[in-house]
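> One file is attached below, input.cif, containing mmCIF, C-alpha atoms.
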data_structure
loop_
_atom_site.label_atom_id
_atom_site.label_comp_id
_atom_site.auth_asym_id
_atom_site.auth_seq_id
_atom_site.Cartn_x
_atom_site.Cartn_y
_atom_site.Cartn_z
CA SER A 264 18.24 91.22 -30.11
CA GLN A 265 18.44 88.67 -32.88
CA THR A 266 20.17 85.38 -32.14
CA ILE A 267 20.55 82.04 -33.83
CA HIS A 268 20.79 78.77 -31.95
CA GLN A 269 22.13 75.54 -33.36
CA TRP A 270 22.52 72.20 -31.65
CA PRO A 271 24.11 69.88 -30.88
CA ALA A 272 27.64 71.24 -31.06
CA THR A 273 29.20 67.86 -31.78
CA LEU A 274 27.75 64.55 -32.84
CA VAL A 275 29.19 61.11 -33.54
CA GLN A 276 26.82 58.82 -35.39
CA PRO A 277 27.24 55.36 -36.95
CA VAL A 278 26.78 54.80 -40.65
CA GLY A 279 23.15 54.11 -41.47
CA SER A 280 21.75 55.92 -38.45
CA PRO A 281 19.29 58.85 -38.76
CA LEU A 282 20.18 62.49 -38.25
CA SER A 283 18.32 65.52 -37.02
CA LEU A 284 19.99 68.91 -36.58
CA GLU A 285 17.95 71.84 -35.38
CA CYS A 286 18.35 75.56 -35.87
CA THR A 287 16.18 78.30 -34.40
CA VAL A 288 16.26 82.05 -34.75
CA GLU A 289 15.05 84.55 -32.17
CA GLY A 290 14.19 88.22 -32.42
CA THR A 291 12.97 88.30 -36.00
CA SER A 292 10.10 87.07 -38.10
CA ASN A 293 10.01 85.40 -41.50
CA PRO A 294 13.78 85.07 -41.80
CA ASN A 295 15.47 83.49 -44.78
CA LEU A 296 17.26 80.41 -43.46
CA TYR A 297 20.16 78.41 -44.85
CA TRP A 298 22.01 75.14 -44.23
CA TYR A 299 25.66 74.90 -45.26
CA ARG A 300 28.15 72.09 -44.88
CA GLN A 301 31.93 72.24 -44.73
CA ALA A 302 33.81 68.99 -45.20
CA ALA A 303 37.24 68.76 -43.62
CA GLY A 304 39.64 71.10 -45.41
CA ARG A 305 37.01 72.14 -47.91
CA GLY A 306 34.89 75.21 -48.60
CA LEU A 307 31.32 75.96 -47.57
CA GLN A 308 28.70 74.12 -49.58
CA LEU A 309 25.14 75.41 -49.66
CA LEU A 310 22.73 72.55 -48.97
CA PHE A 311 19.27 74.06 -48.51
CA TYR A 312 17.64 77.45 -48.16
CA SER A 313 14.17 78.53 -47.17
CA ILE A 314 12.32 81.78 -47.69
CA GLY A 315 9.28 80.73 -45.66
CA ILE A 316 7.44 77.93 -43.92
CA ASP A 317 7.41 74.80 -46.11
CA GLN A 318 9.32 76.69 -48.83
CA ILE A 319 12.64 74.92 -49.18
CA SER A 320 15.08 74.80 -52.06
CA SER A 321 17.66 72.06 -52.36
CA GLU A 322 21.00 72.86 -53.89
CA VAL A 323 22.66 69.47 -53.78
CA PRO A 324 20.91 66.13 -54.43
CA GLN A 325 21.92 63.72 -51.70
CA ASN A 326 20.52 61.78 -48.80
CA LEU A 327 19.84 64.88 -46.73
CA SER A 328 16.55 66.72 -46.41
CA ALA A 329 15.39 69.90 -44.72
CA SER A 330 12.14 71.03 -43.19
CA ARG A 331 10.79 74.26 -41.78
CA PRO A 332 7.85 73.40 -39.57
CA GLN A 333 7.74 76.83 -37.94
CA ASP A 334 8.72 80.32 -39.05
CA ARG A 335 11.94 80.42 -37.07
CA GLN A 336 12.87 76.74 -37.06
CA PHE A 337 14.94 74.95 -39.67
CA ILE A 338 15.74 71.25 -39.42
CA LEU A 339 18.27 69.18 -41.34
CA SER A 340 17.62 65.44 -41.48
CA SER A 341 18.80 62.19 -42.91
CA LYS A 342 17.25 58.76 -42.76
CA LYS A 343 20.56 56.92 -43.19
CA LEU A 344 23.90 58.62 -42.75
CA LEU A 345 26.87 57.94 -45.02
CA LEU A 346 30.53 58.36 -44.17
CA SER A 347 30.62 61.23 -46.66
CA ASP A 348 28.05 63.13 -44.56
CA SER A 349 30.75 63.93 -42.01
CA GLY A 350 31.47 67.62 -41.76
CA PHE A 351 30.76 70.93 -40.09
CA TYR A 352 27.10 71.90 -40.52
CA LEU A 353 26.19 75.56 -40.27
CA CYS A 354 22.82 77.22 -40.12
CA ALA A 355 22.47 80.87 -41.10
CA TRP A 356 19.81 83.53 -41.45
CA ASN A 357 19.77 86.60 -43.61
CA GLY A 358 19.55 89.85 -41.72
CA LEU A 359 19.67 91.74 -45.02
CA ARG A 360 21.21 94.88 -43.65
CA TYR A 361 24.12 93.17 -41.96
CA GLY A 362 24.50 90.10 -44.11
CA TYR A 363 24.24 86.54 -42.93
CA THR A 364 24.51 85.54 -39.30
CA PHE A 365 25.77 82.02 -38.78
CA GLY A 366 25.17 79.68 -35.88
CA SER A 367 28.00 78.09 -33.97
CA GLY A 368 27.77 74.92 -36.05
CA THR A 369 27.50 71.18 -35.51
CA ARG A 370 30.54 69.03 -36.08
CA LEU A 371 29.23 65.66 -37.31
CA THR A 372 31.44 62.60 -37.49
CA VAL A 373 29.96 59.52 -39.11
CA VAL A 374 31.78 56.35 -38.07
CA ASP B 268 30.80 78.40 -61.03
CA ALA B 269 33.02 80.78 -59.12
CA LYS B 270 32.28 84.43 -59.74
CA THR B 271 35.32 85.64 -57.85
CA THR B 272 39.04 84.91 -57.88
CA GLN B 273 41.14 85.26 -54.76
CA PRO B 274 44.72 84.26 -53.95
CA PRO B 275 44.71 81.05 -51.90
CA SER B 276 46.90 82.44 -49.14
CA MET B 277 48.59 85.59 -47.87
CA ASP B 278 50.82 86.58 -44.96
CA CYS B 279 50.76 89.86 -43.09
CA ALA B 280 52.91 91.19 -40.27
CA GLU B 281 51.07 92.05 -37.09
CA GLY B 282 50.25 95.75 -36.90
CA ARG B 283 50.54 96.27 -40.62
CA ALA B 284 47.66 96.73 -43.05
CA ALA B 285 46.37 93.58 -44.70
CA ASN B 286 45.19 94.12 -48.26
CA LEU B 287 43.16 91.23 -49.66
CA PRO B 288 42.41 91.38 -53.38
CA CYS B 289 39.45 89.95 -55.23
CA ASN B 290 38.70 89.81 -58.93
CA HIS B 291 35.10 89.75 -60.10
CA SER B 292 35.28 90.68 -63.76
CA THR B 293 31.81 89.31 -64.61
CA ILE B 294 29.95 91.22 -61.92
CA SER B 295 26.61 92.59 -63.07
CA GLY B 296 25.31 96.06 -62.33
CA ASN B 297 23.00 95.07 -59.48
CA GLU B 298 25.35 92.65 -57.73
CA TYR B 299 27.05 93.56 -54.50
CA VAL B 300 30.48 92.58 -53.25
CA TYR B 301 30.40 90.91 -49.85
CA TRP B 302 33.27 89.96 -47.59
CA TYR B 303 33.11 87.36 -44.86
CA ARG B 304 35.77 85.68 -42.80
CA GLN B 305 35.92 82.33 -41.07
CA ILE B 306 38.12 81.77 -38.09
CA HIS B 307 39.06 78.15 -37.52
CA SER B 308 36.17 75.97 -36.28
CA GLN B 309 33.69 78.84 -36.28
CA GLY B 310 30.94 79.97 -38.64
CA PRO B 311 31.69 82.73 -41.14
CA GLN B 312 31.41 86.29 -39.90
CA TYR B 313 30.09 89.15 -42.01
CA ILE B 314 32.66 91.93 -42.50
CA ILE B 315 31.41 94.44 -45.03
CA HIS B 316 29.65 94.83 -48.36
CA GLY B 317 29.38 97.42 -51.10
CA LEU B 318 27.94 98.15 -54.52
CA LYS B 319 29.93 100.94 -56.13
CA ASN B 320 31.31 103.26 -53.50
CA ASN B 321 34.10 102.51 -51.09
CA GLU B 322 32.84 101.47 -47.68
CA THR B 323 34.32 101.56 -44.20
CA ASN B 324 33.15 100.18 -40.88
CA GLU B 325 34.72 99.34 -37.56
CA MET B 326 36.23 96.14 -38.95
CA ALA B 327 37.57 97.02 -42.37
CA SER B 328 37.49 99.12 -45.51
CA LEU B 329 36.30 97.98 -48.91
CA ILE B 330 37.75 99.56 -52.01
CA ILE B 331 35.91 98.83 -55.27
CA THR B 332 37.48 99.84 -58.57
CA GLU B 333 35.57 102.21 -60.79
CA ASP B 334 34.81 99.49 -63.34
CA ARG B 335 33.72 97.22 -60.43
CA LYS B 336 35.79 94.34 -61.79
CA SER B 337 37.90 94.04 -58.67
CA SER B 338 37.96 95.04 -55.04
CA THR B 339 40.28 95.07 -52.05
CA LEU B 340 39.46 94.43 -48.43
CA ILE B 341 41.72 96.36 -46.09
CA LEU B 342 42.30 95.48 -42.46
CA PRO B 343 44.13 98.61 -41.31
CA HIS B 344 46.09 97.16 -38.39
CA ALA B 345 46.09 93.38 -38.54
CA THR B 346 46.26 91.43 -35.31
CA LEU B 347 46.85 87.74 -34.67
CA ARG B 348 43.09 87.37 -34.18
CA ASP B 349 42.56 88.38 -37.81
CA THR B 350 44.10 85.09 -38.95
CA ALA B 351 41.25 83.46 -40.87
CA VAL B 352 39.94 82.50 -44.30
CA TYR B 353 38.49 85.55 -46.04
CA TYR B 354 35.74 85.09 -48.61
CA CYS B 355 34.86 87.56 -51.34
CA ILE B 356 31.36 86.93 -52.71
CA VAL B 357 29.40 88.59 -55.48
CA SER B 358 25.65 88.39 -55.13
CA LEU B 359 22.36 90.17 -55.50
CA HIS B 360 21.27 92.04 -52.38
CA SER B 361 18.32 89.76 -51.94
CA GLY B 362 17.50 87.17 -49.35
CA ASN B 363 16.13 84.95 -52.09
CA THR B 364 19.57 84.61 -53.63
CA PRO B 365 21.77 82.53 -51.33
CA LEU B 366 25.40 83.40 -50.91
CA VAL B 367 27.75 80.96 -52.60
CA PHE B 368 31.13 80.75 -50.93
CA GLY B 369 34.31 80.05 -52.89
CA LYS B 370 37.62 78.89 -51.50
CA GLY B 371 38.67 82.26 -50.13
CA THR B 372 42.07 83.54 -49.06
CA ARG B 373 43.77 82.14 -45.99
CA LEU B 374 45.32 85.14 -44.23
CA SER B 375 48.04 84.41 -41.71
CA VAL B 376 48.98 87.30 -39.45
CA ILE B 377 52.51 86.81 -38.19
CA ALA B 378 53.94 88.27 -34.99
#
Translate this structure into structure tokens?


Amino acid sequence: SQTIHQWPATLVQPVGSPLSLECTVEGTSNPNLYWYRQAAGRGLQLLFYSIGIDQISSEVPQNLSASRPQDRQFILSSKKLLLSDSGFYLCAWNGLRYGYTFGSGTRLTVV
Amino acid sequence: DAKTTQPPSMDCAEGRAANLPCNHSTISGNEYVYWYRQIHSQGPQYIIHGLKNNETNEMASLIITEDRKSSTLILPHATLRDTAVYYCIVSLHSGNTPLVFGKGTRLSVIA
């Protein structure tokens, strides 16, 4: 079966520290992968999407970056976190027939 | 820019049908209507999608008007667990076109 794993579940990081969030998909090949962010009380904002290894599109210019070193691995990074980076980060993949499947999310608090 | 318009909130009595409207007057001929929901602190969950015809699955029914300018998601017998934010999204049925989430409708099912 197809599953998506996202970790860590929660993270508290100081301002200026680096960030690395990882997402992996199992049970499929060449998935389309997405990173979304949801700030407190706000809607879902698309950050990055990838249709293949090293093929990444950025939707919002900011201090975040994404990489896809392997077919089923999608990583969200930052060199220096800002307070405004706090939020609920969600990874998703596109199963086409059944729509997007989202991971369980990472709740990031920058202090 | 938002392609859909949804009421910000709705209430529904438990056991009754919940009818969630969505306007998408600028929908193009090859765009689908997708519905997702997000329960508090979880990732969005795919519900249903359709192009022209009405659709039904184990979760809900989707009614699309003949001119395709609006649709209604129907939860036939709402339960307390259906309390969530419901998103109506118009998009091409292509993994290369990421879903863009709006603000959705916050449905509160009341006992």

> Which residues of chain B are close to chain A, meaning at most 7 Å apart when you count all atoms listed in the file, and how do they look as number ranges by chain?

B: 309-313, 362-363, 367-370

> I want to know what sits within 12 Å of stretch 341-344 of chain A, based on only C-alpha atoms, with residues of the same chain fewer than 4 positions away left out; could you give that as a PyMOL selection string?

chain A and resi 275-284+325-330+348-350+371-374

> I want to know what sits within 9 Å of stretch 333-335 of chain B, based on only C-alpha atoms, with residues of the same chain fewer than 2 positions away left out; could you give that as a list in words?

His291, Ser292, Ile294, Ser295, Gly296, Leu318, Lys319, Asn320, Ile331, Ser337 and Ser338 of chain B

> Can I get the selected residues back with C-alpha atoms, as a tab-separated table (two decimals), keeping the file's coordinate frame?


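Output saved as result.tsv:
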chain	number	residue	atom	x	y	z
B	291	HIS	CA	35.10	89.75	-60.10
B	292	SER	CA	35.28	90.68	-63.76
B	294	ILE	CA	29.95	91.22	-61.92
B	295	SER	CA	26.61	92.59	-63.07
B	296	GLY	CA	25.31	96.06	-62.33
B	318	LEU	CA	27.94	98.15	-54.52
B	319	LYS	CA	29.93	100.94	-56.13
B	320	ASN	CA	31.31	103.26	-53.50
B	331	ILE	CA	35.91	98.83	-55.27
B	337	SER	CA	37.90	94.04	-58.67
B	338	SER	CA	37.96	95.04	-55.04

> With all atoms listed in the file as the atoms that count, which of B:Pro288, B:Gly371, B:Pro343, B:Pro365 lies nearest to B:Tyr303?

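So, comparing all the options, the nearest one is B:Gly371.
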
> I'd like the neighbourhood of B:Ile315 as an MDAnalysis selection string, where a residue qualifies if any of its atoms comes within 9 Å (using all atoms listed in the file), though same-chain residues fewer than 5 positions away should be ignored.

(chainID A and resid 361:362) or (chainID B and resid 300:303 322:324 326:329 340)

> So for stretch 345-357 of chain A, what box centre and size do we get, axis-aligned, 6 Å extra on each of the six sides, every listed atom, Å to one decimal, as JSON?


{"center_x": 25.6, "center_y": 72.3, "center_z": -43.4, "size_x": 23.7, "size_y": 40.7, "size_z": 18.6}

> Since I can't run it myself right now, could you work out what the PyMOL selection byres ((chain B and resi 275) around 12) selects here and report it as JSON, numbers by chain?

{"A": [306], "B": [272, 273, 274, 276, 277, 278, 287, 288, 289, 351, 352, 353, 354, 355, 369, 370, 371, 372, 373, 374, 375]}

> Please produce a file of the residues just selected, as a PDB file, in the frame of the given file, where the atoms kept are C-alpha atoms.


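Output (selection26.pdb):
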ATOM      1  CA  GLY A 306      34.890  75.210 -48.600  1.00  0.00           C
TER       2      GLY A 306
ATOM      3  CA  THR B 272      39.040  84.910 -57.880  1.00  0.00           C
ATOM      4  CA  GLN B 273      41.140  85.260 -54.760  1.00  0.00           C
ATOM      5  CA  PRO B 274      44.720  84.260 -53.950  1.00  0.00           C
ATOM      6  CA  SER B 276      46.900  82.440 -49.140  1.00  0.00           C
ATOM      7  CA  MET B 277      48.590  85.590 -47.870  1.00  0.00           C
ATOM      8  CA  ASP B 278      50.820  86.580 -44.960  1.00  0.00           C
ATOM      9  CA  LEU B 287      43.160  91.230 -49.660  1.00  0.00           C
ATOM     10  CA  PRO B 288      42.410  91.380 -53.380  1.00  0.00           C
ATOM     11  CA  CYS B 289      39.450  89.950 -55.230  1.00  0.00           C
ATOM     12  CA  ALA B 351      41.250  83.460 -40.870  1.00  0.00           C
ATOM     13  CA  VAL B 352      39.940  82.500 -44.300  1.00  0.00           C
ATOM     14  CA  TYR B 353      38.490  85.550 -46.040  1.00  0.00           C
ATOM     15  CA  TYR B 354      35.740  85.090 -48.610  1.00  0.00           C
ATOM     16  CA  CYS B 355      34.860  87.560 -51.340  1.00  0.00           C
ATOM     17  CA  GLY B 369      34.310  80.050 -52.890  1.00  0.00           C
ATOM     18  CA  LYS B 370      37.620  78.890 -51.500  1.00  0.00           C
ATOM     19  CA  GLY B 371      38.670  82.260 -50.130  1.00  0.00           C
ATOM     20  CA  THR B 372      42.070  83.540 -49.060  1.00  0.00           C
ATOM     21  CA  ARG B 373      43.770  82.140 -45.990  1.00  0.00           C
ATOM     22  CA  LEU B 374      45.320  85.140 -44.230  1.00  0.00           C
ATOM     23  CA  SER B 375      48.040  84.410 -41.710  1.00  0.00           C
TER      24      SER B 375
END

> I need the residue nearest B:Asn286 from this list: B:Leu359, B:Leu347, B:Val376, B:Ile341. Use all atoms listed in the file for the distance.

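Distance minimum relative to B:Asn286 lands on B:Ile341.
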
> Please compute the atom CA of A:Pro271-atom CA of B:Thr350 distance, one decimal, in Å.

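It comes out at 26.4 Å.
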
> Which one of A:Ala302, A:Leu345, A:Leu310, A:Val288 sits closest to A:Gln333 if you count all atoms listed in the file?

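Closest residue, counting all atoms listed in the file: A:Val288.
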
> Please write as a list in words the list of polymer residues whose atoms come within 8 Å of (12.7, 72.6, -43.7), counting all atoms listed in the file and keeping to the coordinates of the file.

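These residues have at least one counted atom within 8 Å: Ser313, Ile316, Asp317, Gln318, Ile319, Ser328, Ala329, Ser330, Arg331, Pro332, Gln336, Phe337, Ile338 and Leu339 of chain A.
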
> Rounded to one decimal in Å, what is the spacing between atom CA of B:Ile330 and atom CA of B:Gly317?

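If I compute the distance from atom CA of B:Ile330 to atom CA of B:Gly317, I get 8.7 Å.
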
> Using all atoms listed in the file, find the one residue out of B:Thr339, B:His344, B:Ser308, B:Val357 that sits nearest to B:Glu325.

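Between B:Thr339, B:His344, B:Ser308, B:Val357, the residue approaching B:Glu325 most closely is B:His344.
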
> Residues within 8 Å of A:Ser292, please, as a PyMOL selection string. Count all atoms listed in the file; anything in the same chain fewer than 2 positions from it doesn't count.

chain A and resi 290+294+334-335

> Suppose you want the space between atom CA of B:Cys279 and atom CA of B:His307; what is it in Å?

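Here the two named atoms are 17.5 Å from each other.
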
> For the structure shown, which residues end up in the PyMOL selection byres ((chain A and resi 265) around 7)? Put them as a ChimeraX atom specification, please?

/A:264,266,289-291
